[in-house]
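Colleague: My structure is in upload_14.cif, and what it holds is mmCIF, C-alpha atoms:
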```cif
data_final
loop_
_atom_site.group_PDB
_atom_site.id
_atom_site.type_symbol
_atom_site.label_atom_id
_atom_site.label_comp_id
_atom_site.auth_asym_id
_atom_site.auth_seq_id
_atom_site.Cartn_x
_atom_site.Cartn_y
_atom_site.Cartn_z
ATOM 1 C CA MET A 1 106.839 52.266 59.093
ATOM 2 C CA ASN A 2 110.443 51.516 59.894
ATOM 3 C CA ALA A 3 109.764 50.596 63.521
ATOM 4 C CA GLY A 4 109.290 46.924 62.689
ATOM 5 C CA PHE A 5 105.527 47.080 62.541
ATOM 6 C CA ARG A 6 103.465 45.257 59.955
ATOM 7 C CA ALA A 7 101.035 47.534 58.117
ATOM 8 C CA ASP A 8 97.390 46.810 57.395
ATOM 9 C CA ARG A 9 95.154 49.023 55.243
ATOM 10 C CA PHE A 10 91.422 49.089 54.600
ATOM 11 C CA GLU A 11 88.859 51.454 53.104
ATOM 12 C CA TYR A 12 86.556 53.519 55.293
ATOM 13 C CA VAL A 13 82.992 52.596 54.260
ATOM 14 C CA ILE A 14 80.146 54.854 55.423
ATOM 15 C CA SER A 15 76.348 54.642 55.481
ATOM 16 C CA GLU A 16 74.988 57.146 53.016
ATOM 17 C CA GLY A 17 71.500 57.791 54.364
ATOM 18 C CA ASP A 18 69.178 54.936 53.416
ATOM 19 C CA THR A 19 70.951 52.293 55.483
ATOM 20 C CA LEU A 20 68.287 51.588 58.118
ATOM 21 C CA ALA A 21 65.459 51.481 55.575
ATOM 22 C CA ARG A 22 67.468 49.027 53.495
ATOM 23 C CA ALA A 23 68.301 46.918 56.556
ATOM 24 C CA ARG A 24 64.615 46.730 57.488
ATOM 25 C CA ARG A 25 63.717 45.808 53.904
ATOM 26 C CA ILE A 26 66.271 42.980 53.959
ATOM 27 C CA LEU A 27 64.814 41.666 57.221
ATOM 28 C CA SER A 28 61.301 41.731 55.752
ATOM 29 C CA ARG A 29 62.380 39.892 52.575
ATOM 30 C CA PHE A 30 64.760 37.241 53.911
ATOM 31 C CA ASP A 31 64.969 34.962 56.918
ATOM 32 C CA LEU A 32 67.626 32.644 58.238
ATOM 33 C CA GLY A 33 65.525 29.514 57.888
ATOM 34 C CA GLY A 34 64.400 27.104 60.546
ATOM 35 C CA ASP A 35 67.786 25.508 61.143
ATOM 36 C CA LEU A 36 69.464 28.503 62.832
ATOM 37 C CA ASP A 37 69.039 30.266 66.159
ATOM 38 C CA VAL A 38 70.392 33.773 66.758
ATOM 39 C CA ILE A 39 71.763 34.770 70.129
ATOM 40 C CA ARG A 40 72.786 38.234 71.241
ATOM 41 C CA LEU A 41 75.861 38.413 73.420
ATOM 42 C CA GLY A 42 75.742 40.412 76.626
ATOM 43 C CA PRO A 43 76.762 40.496 80.293
ATOM 44 C CA ASN A 44 75.257 37.065 81.001
ATOM 45 C CA SER A 45 76.720 35.303 77.964
ATOM 46 C CA SER A 46 78.727 32.189 78.610
ATOM 47 C CA GLU A 47 82.442 32.163 77.966
ATOM 48 C CA ARG A 48 81.740 29.555 75.289
ATOM 49 C CA ASP A 49 79.351 31.899 73.429
ATOM 50 C CA LEU A 50 81.920 34.725 73.552
ATOM 51 C CA GLU A 51 84.551 32.320 72.227
ATOM 52 C CA SER A 52 82.229 31.126 69.452
ATOM 53 C CA PHE A 53 81.825 34.703 68.156
ATOM 54 C CA ALA A 54 85.602 35.109 68.138
ATOM 55 C CA GLU A 55 86.164 31.755 66.414
ATOM 56 C CA VAL A 56 83.720 32.494 63.593
ATOM 57 C CA ALA A 57 85.133 36.005 63.148
ATOM 58 C CA ILE A 58 88.720 34.743 62.983
ATOM 59 C CA ASP A 59 87.718 31.969 60.573
ATOM 60 C CA GLY A 60 86.455 34.677 58.218
ATOM 61 C CA GLY A 61 89.570 36.835 58.519
ATOM 62 C CA VAL A 62 88.072 39.392 60.918
ATOM 63 C CA LEU A 63 89.787 40.417 64.157
ATOM 64 C CA PRO A 64 87.231 40.196 67.005
ATOM 65 C CA PRO A 65 87.186 42.556 69.984
ATOM 66 C CA PRO A 66 88.074 41.369 73.497
ATOM 67 C CA ALA A 67 85.528 39.575 75.671
ATOM 68 C CA SER A 68 84.971 42.746 77.740
ATOM 69 C CA VAL A 69 83.615 44.444 74.614
ATOM 70 C CA LEU A 70 81.635 41.412 73.375
ATOM 71 C CA SER A 71 79.895 41.167 76.745
ATOM 72 C CA GLY A 72 78.953 44.862 76.754
ATOM 73 C CA GLU A 73 81.159 45.630 79.743
ATOM 74 C CA MET A 74 83.309 48.217 77.920
ATOM 75 C CA ARG A 75 81.111 49.509 75.074
ATOM 76 C CA ARG A 76 77.494 49.572 74.018
ATOM 77 C CA GLY A 77 76.988 47.153 71.185
ATOM 78 C CA VAL A 78 75.006 44.451 69.457
ATOM 79 C CA PHE A 79 76.939 41.213 68.912
ATOM 80 C CA LEU A 80 74.995 38.459 67.172
ATOM 81 C CA VAL A 81 75.866 34.803 66.639
ATOM 82 C CA ALA A 82 73.873 32.429 64.425
ATOM 83 C CA LYS A 83 74.022 28.834 65.644
ATOM 84 C CA ASP A 84 73.080 25.609 63.916
ATOM 85 C CA LYS A 85 70.116 24.245 65.905
ATOM 86 C CA ALA A 86 71.143 20.635 65.338
ATOM 87 C CA SER A 87 74.735 20.889 66.571
ATOM 88 C CA GLY A 88 74.780 24.144 68.549
ATOM 89 C CA ARG A 89 77.795 25.189 66.491
ATOM 90 C CA ALA A 90 78.246 28.897 65.741
ATOM 91 C CA VAL A 91 78.170 29.461 61.967
ATOM 92 C CA SER A 92 78.002 33.247 61.506
ATOM 93 C CA CYS A 93 78.463 36.517 63.394
ATOM 94 C CA ALA A 94 77.812 40.250 63.004
ATOM 95 C CA ALA A 95 78.118 43.338 65.190
ATOM 96 C CA ALA A 96 77.384 47.027 65.653
ATOM 97 C CA ILE A 97 79.252 48.924 68.351
ATOM 98 C CA GLU A 98 79.749 52.472 69.548
ATOM 99 C CA ASN A 99 83.254 53.616 68.717
ATOM 100 C CA PHE A 100 83.339 57.417 68.715
ATOM 101 C CA HIS A 101 83.543 59.681 71.744
ATOM 102 C CA PHE A 102 80.263 61.466 72.505
ATOM 103 C CA SER A 103 81.844 64.842 71.638
ATOM 104 C CA SER A 104 83.223 63.644 68.289
ATOM 105 C CA ARG A 105 81.745 65.007 65.078
ATOM 106 C CA ARG A 106 81.066 61.336 64.276
ATOM 107 C CA ALA A 107 79.278 60.606 67.563
ATOM 108 C CA ASP A 108 76.156 59.852 65.510
ATOM 109 C CA HIS A 109 77.977 56.929 63.792
ATOM 110 C CA ALA A 110 78.606 53.423 65.109
ATOM 111 C CA PHE A 111 81.003 50.798 63.837
ATOM 112 C CA TRP A 112 79.218 47.990 62.017
ATOM 113 C CA GLY A 113 80.627 44.776 60.647
ATOM 114 C CA MET A 114 82.577 41.765 61.875
ATOM 115 C CA LEU A 115 80.494 39.833 59.369
ATOM 116 C CA SER A 116 81.704 36.285 58.989
ATOM 117 C CA THR A 117 80.096 33.000 57.955
ATOM 118 C CA LEU A 118 81.704 29.573 57.952
ATOM 119 C CA PRO A 119 82.426 28.381 54.383
ATOM 120 C CA GLU A 120 79.903 25.518 54.382
ATOM 121 C CA TRP A 121 77.110 27.947 55.350
ATOM 122 C CA ARG A 122 77.840 30.640 52.767
ATOM 123 C CA GLY A 123 75.427 31.435 49.952
ATOM 124 C CA ARG A 124 72.362 31.756 52.185
ATOM 125 C CA LYS A 125 72.622 35.516 52.882
ATOM 126 C CA ILE A 126 73.289 34.797 56.567
ATOM 127 C CA ALA A 127 75.858 37.600 56.943
ATOM 128 C CA LEU A 128 73.569 40.067 55.152
ATOM 129 C CA ILE A 129 70.622 39.175 57.394
ATOM 130 C CA LEU A 130 72.652 39.193 60.630
ATOM 131 C CA GLY A 131 74.318 42.446 59.596
ATOM 132 C CA ALA A 132 70.939 44.061 58.934
ATOM 133 C CA GLN A 133 69.640 42.752 62.254
ATOM 134 C CA ALA A 134 72.664 44.190 64.099
ATOM 135 C CA MET A 135 72.070 47.625 62.531
ATOM 136 C CA VAL A 136 68.366 47.724 63.303
ATOM 137 C CA SER A 137 68.847 46.448 66.865
ATOM 138 C CA PHE A 138 71.613 48.973 67.530
ATOM 139 C CA HIS A 139 69.427 51.809 66.268
ATOM 140 C CA GLU A 140 66.432 50.648 68.316
ATOM 141 C CA ASP A 141 68.515 50.295 71.484
ATOM 142 C CA TYR A 142 70.816 53.318 71.210
ATOM 143 C CA GLY A 143 69.293 55.682 68.644
ATOM 144 C CA ILE A 144 72.288 55.766 66.308
ATOM 145 C CA SER A 145 71.353 55.395 62.653
ATOM 146 C CA ARG A 146 74.620 55.935 60.783
ATOM 147 C CA PHE A 147 77.371 53.371 60.496
ATOM 148 C CA THR A 148 80.983 53.007 59.410
ATOM 149 C CA THR A 149 83.082 49.948 58.680
ATOM 150 C CA GLY A 150 86.370 48.935 57.149
ATOM 151 C CA VAL A 151 86.754 46.763 54.051
ATOM 152 C CA ARG A 152 89.758 45.963 51.910
ATOM 153 C CA ALA A 153 89.428 47.568 48.482
ATOM 154 C CA GLU A 154 89.981 44.223 46.751
ATOM 155 C CA ASN A 155 87.235 42.450 48.731
ATOM 156 C CA GLY A 156 84.475 42.661 46.130
ATOM 157 C CA ALA A 157 82.066 40.388 48.020
ATOM 158 C CA SER A 158 82.141 42.527 51.177
ATOM 159 C CA MET A 159 81.931 45.768 49.193
ATOM 160 C CA ALA A 160 78.857 44.380 47.370
ATOM 161 C CA LEU A 161 77.215 43.383 50.653
ATOM 162 C CA CYS A 162 77.883 46.863 52.057
ATOM 163 C CA ALA A 163 76.375 48.465 48.941
ATOM 164 C CA LYS A 164 73.135 46.513 49.506
ATOM 165 C CA LEU A 165 72.872 48.428 52.790
ATOM 166 C CA ASP A 166 73.818 51.789 51.238
ATOM 167 C CA MET A 167 77.286 51.584 52.796
ATOM 168 C CA LEU A 168 79.778 53.037 50.311
ATOM 169 C CA PRO A 169 83.517 53.765 50.353
ATOM 170 C CA GLY A 170 84.247 57.261 51.584
ATOM 171 C CA LYS A 171 87.243 59.446 50.897
ATOM 172 C CA TRP A 172 89.252 58.006 53.794
ATOM 173 C CA CYS A 173 91.227 54.856 54.396
ATOM 174 C CA THR A 174 92.781 53.460 57.543
ATOM 175 C CA TYR A 175 96.322 52.257 58.101
ATOM 176 C CA VAL A 176 97.134 50.205 61.170
ATOM 177 C CA GLY A 177 100.606 49.351 62.417
ATOM 178 C CA MET A 178 100.705 45.980 64.173
ATOM 179 C CA ASP A 179 103.438 44.377 66.218
ATOM 180 C CA PRO A 180 104.306 41.164 64.322
ATOM 181 C CA ALA A 181 105.077 39.441 67.630
ATOM 182 C CA GLN A 182 101.448 39.966 68.684
ATOM 183 C CA PHE A 183 99.795 39.750 65.253
ATOM 184 C CA SER A 184 101.968 37.461 63.159
ATOM 185 C CA SER A 185 99.520 37.045 60.290
ATOM 186 C CA ALA A 186 96.256 38.545 61.513
ATOM 187 C CA GLN A 187 94.487 41.280 59.620
ATOM 188 C CA VAL A 188 92.142 43.802 61.158
ATOM 189 C CA THR A 189 89.531 43.041 58.514
ATOM 190 C CA LYS A 190 89.056 41.211 55.249
#
```
So that I can check it, write out the structure of this file as structure tokens.
Modeller:
Amino acid sequence: MNAGFRADRFEYVISEGDTLARARRILSRFDLGGDLDVIRLGPNSSERDLESFAEVAIDGGVLPPPASVLSGEMRRGVFLVAKDKASGRAVSCAAAIENFHFSSRRADHAFWGMLSTLPEWRGRKIALILGAQAMVSFHEDYGISRFTTGVRAENGASMALCAKLDMLPGKWCTYVGMDPAQFSSAQVTK
């Protein structure tokens, strides 16, 4: 990449067949506790709720999509935000979104991820639970049961979370060239 772009690379992680069953099992075994509310973003979401998803994602090193995607205007998706009931502050987010053209050989896959939890809320399996909820909701709403995501090879915590949902690294990786003027230090994923 000699054109002045900054490169970003991540592994292509794919659901291997048991993903939905595992997601449902996680939801039956764990809950978020009584101190969190979960909201699903959509066409009627406030600008503040869309911003809160983006803020939590960025805090965790994940590049969020534009508001037109988060609101469902541009793509079908499930975008979840967990909020602290006491303060109303967003503390975690997760998503599943259509990303392949209907005629693609991967049209039966959706992107899943954007898992992020604020540091002081980590250790409670919030991202795992929200991620499982995003998968199950996406399947129930749109019928897609296979998922892909991107994770850096060195991110052991995210790879372990993916493995709990039967999401394993495939034989592909992704390279992205980013204009440093637009993305000075941002990464696509963590």
Colleague: Running the PyMOL selection byres ((chain A and resi 70) around 10) on this model by hand, what would come out? Give it as a list in words.
Modeller: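 When the PyMOL selection byres ((chain A and resi 70) around 10) is applied, the selected residues are Arg40, Leu41, Gly42, Pro43, Ser45, Asp49, Leu50, Glu51, Phe53, Ala54, Pro64, Pro65, Pro66, Ala67, Ser68, Val69, Ser71, Gly72, Glu73, Met74, Arg75, Arg76, Gly77, Val78, Phe79, Leu80, Ala95 and Ile97 of chain A.
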Colleague: Determine, counting all atoms listed in the file, which protein, DNA and RNA residues have an atom within 12 Å of an atom of Glu140 of chain A; residues of the same chain fewer than 5 positions away are not included. Present the result as a list of chain:residue names.
Modeller: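 Within the cut-off, the hits are A:Leu20, A:Arg24, A:Gly77, A:Val78, A:Ala96, A:Gln133, A:Ala134, A:Met135, A:Ser145.
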Colleague: When the PyMOL selection byres ((chain A and resi 171) around 9) is applied to the file above, which residues end up in the set, as a list of chain:residue names?
Modeller: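 After applying the PyMOL selection byres ((chain A and resi 171) around 9), what remains is A:Glu11, A:Tyr12, A:Val13, A:Pro169, A:Gly170, A:Trp172, A:Cys173.
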Colleague: Between atom CA of Asp18 of chain A and atom CA of Thr148 of chain A, what distance in Å does the model show, to one decimal?
Modeller: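 Answer for the atom CA of Asp18 of chain A to atom CA of Thr148 of chain A separation: 13.4 Å.
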Colleague: What are the nearest atom pairs, with distances in Å to one decimal, for all residues of segment 63-115 of chain A that come at most 12 Å from segment 152-163 of chain A, using only C-alpha atoms, set out by chain and rising residue number as a Markdown table?
Modeller:
```
| residue | atom | partner | partner_atom | distance |
| --- | --- | --- | --- | --- |
| A:Trp112 | CA | A:Cys162 | CA | 10.1 |
| A:Gly113 | CA | A:Cys162 | CA | 9.3 |
| A:Met114 | CA | A:Ser158 | CA | 10.7 |
| A:Leu115 | CA | A:Ser158 | CA | 8.8 |
```
Colleague: Of the candidates A:Gly177, A:Pro119, A:Gly150, A:Gly131, which shows the shortest atom-to-atom distance to Gly60 of chain A, using all atoms listed in the file?
Modeller: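 Ranking A:Gly177, A:Pro119, A:Gly150, A:Gly131 by distance to Gly60 of chain A, first place goes to A:Pro119.
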Colleague: Quick one: of A:Ala86, A:Leu168, A:Leu130, A:Ile58, who's nearest to Leu118 of chain A, counting all atoms listed in the file?
Modeller: A:Ile58
Colleague: Could you put an axis-aligned box around every listed atom of segment 65-79 of chain A, padded by 4 Å on each side, and send me its centre and edge lengths in Å to one decimal, as lines of an AutoDock Vina configuration file?
Modeller:
```
center_x = 81.5
center_y = 44.6
center_z = 74.3
size_x = 21.1
size_y = 18.0
size_z = 18.8
```
Colleague: Selection in question (the file shown): the PyMOL selection byres ((chain A and resi 26) around 12). Which residues does it include, as number ranges by chain?
Modeller: A: 19-25, 27-32, 125-133, 135-136, 161, 164-166
Colleague: One decimal, in Å: what's the spacing between atom CA of Arg6 of chain A and atom CA of Asp179 of chain A?
Modeller: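 These two atoms are separated by 6.3 Å.
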Colleague: In Å, with one decimal, what is the gap from atom CA of Ala94 of chain A to atom CA of Thr117 of chain A?
Modeller: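 Rounded to one decimal, the two atoms are 9.1 Å apart.
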Colleague: Do a neighbour search on Arg9 of chain A at 7 Å with all atoms listed in the file, toss out local chain neighbours closer than 6 positions, and write the hits as a ChimeraX atom specification.
Modeller: /A:174-176
Colleague: Do you know which residues are at most 8 Å from Lys83 of chain A counting only C-alpha atoms, after dropping those on the same chain fewer than 3 positions away, and could you put them as a PyMOL selection string?
Modeller: chain A and resi 36-39+88-92
Colleague: Where atoms are absent from segment 144-159 of chain A, fill them in so it carries N, CA and C atoms, then output it as a compact mmCIF listing (two decimals), in the coordinates of the input.
Modeller:
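The result, written out as result.txt:
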```txt
# COMPACT_ATOMS: atom_id res chain seq x y z
N ILE A 144 71.33 55.40 67.35
CA ILE A 144 72.29 55.77 66.31
C ILE A 144 71.88 55.11 65.00
N SER A 145 71.86 55.90 63.93
CA SER A 145 71.35 55.40 62.65
C SER A 145 72.37 55.45 61.52
N ARG A 146 73.59 55.88 61.82
CA ARG A 146 74.62 55.94 60.78
C ARG A 146 75.76 55.02 61.20
N PHE A 147 76.38 54.40 60.21
CA PHE A 147 77.37 53.37 60.50
C PHE A 147 78.61 53.54 59.63
N THR A 148 79.73 53.05 60.15
CA THR A 148 80.98 53.01 59.41
C THR A 148 81.55 51.60 59.55
N THR A 149 82.38 51.22 58.59
CA THR A 149 83.08 49.95 58.68
C THR A 149 84.37 50.04 57.88
N GLY A 150 85.14 49.00 57.92
CA GLY A 150 86.37 48.94 57.15
C GLY A 150 86.38 47.70 56.28
N VAL A 151 86.72 47.88 55.01
CA VAL A 151 86.75 46.76 54.05
C VAL A 151 87.97 46.95 53.16
N ARG A 152 88.65 45.89 52.87
CA ARG A 152 89.76 45.96 51.91
C ARG A 152 89.20 46.27 50.52
N ALA A 153 89.89 47.13 49.81
CA ALA A 153 89.43 47.57 48.48
C ALA A 153 89.23 46.39 47.54
N GLU A 154 90.06 45.37 47.67
CA GLU A 154 89.98 44.22 46.75
C GLU A 154 88.93 43.18 47.16
N ASN A 155 88.24 43.40 48.26
CA ASN A 155 87.24 42.45 48.73
C ASN A 155 85.88 42.79 48.11
N GLY A 156 85.69 42.35 46.88
CA GLY A 156 84.48 42.66 46.13
C GLY A 156 83.21 42.14 46.79
N ALA A 157 83.27 40.95 47.39
CA ALA A 157 82.07 40.39 48.02
C ALA A 157 81.60 41.25 49.19
N SER A 158 82.53 41.68 50.04
CA SER A 158 82.14 42.53 51.18
C SER A 158 81.69 43.91 50.73
N MET A 159 82.35 44.46 49.72
CA MET A 159 81.93 45.77 49.19
C MET A 159 80.51 45.67 48.62
```
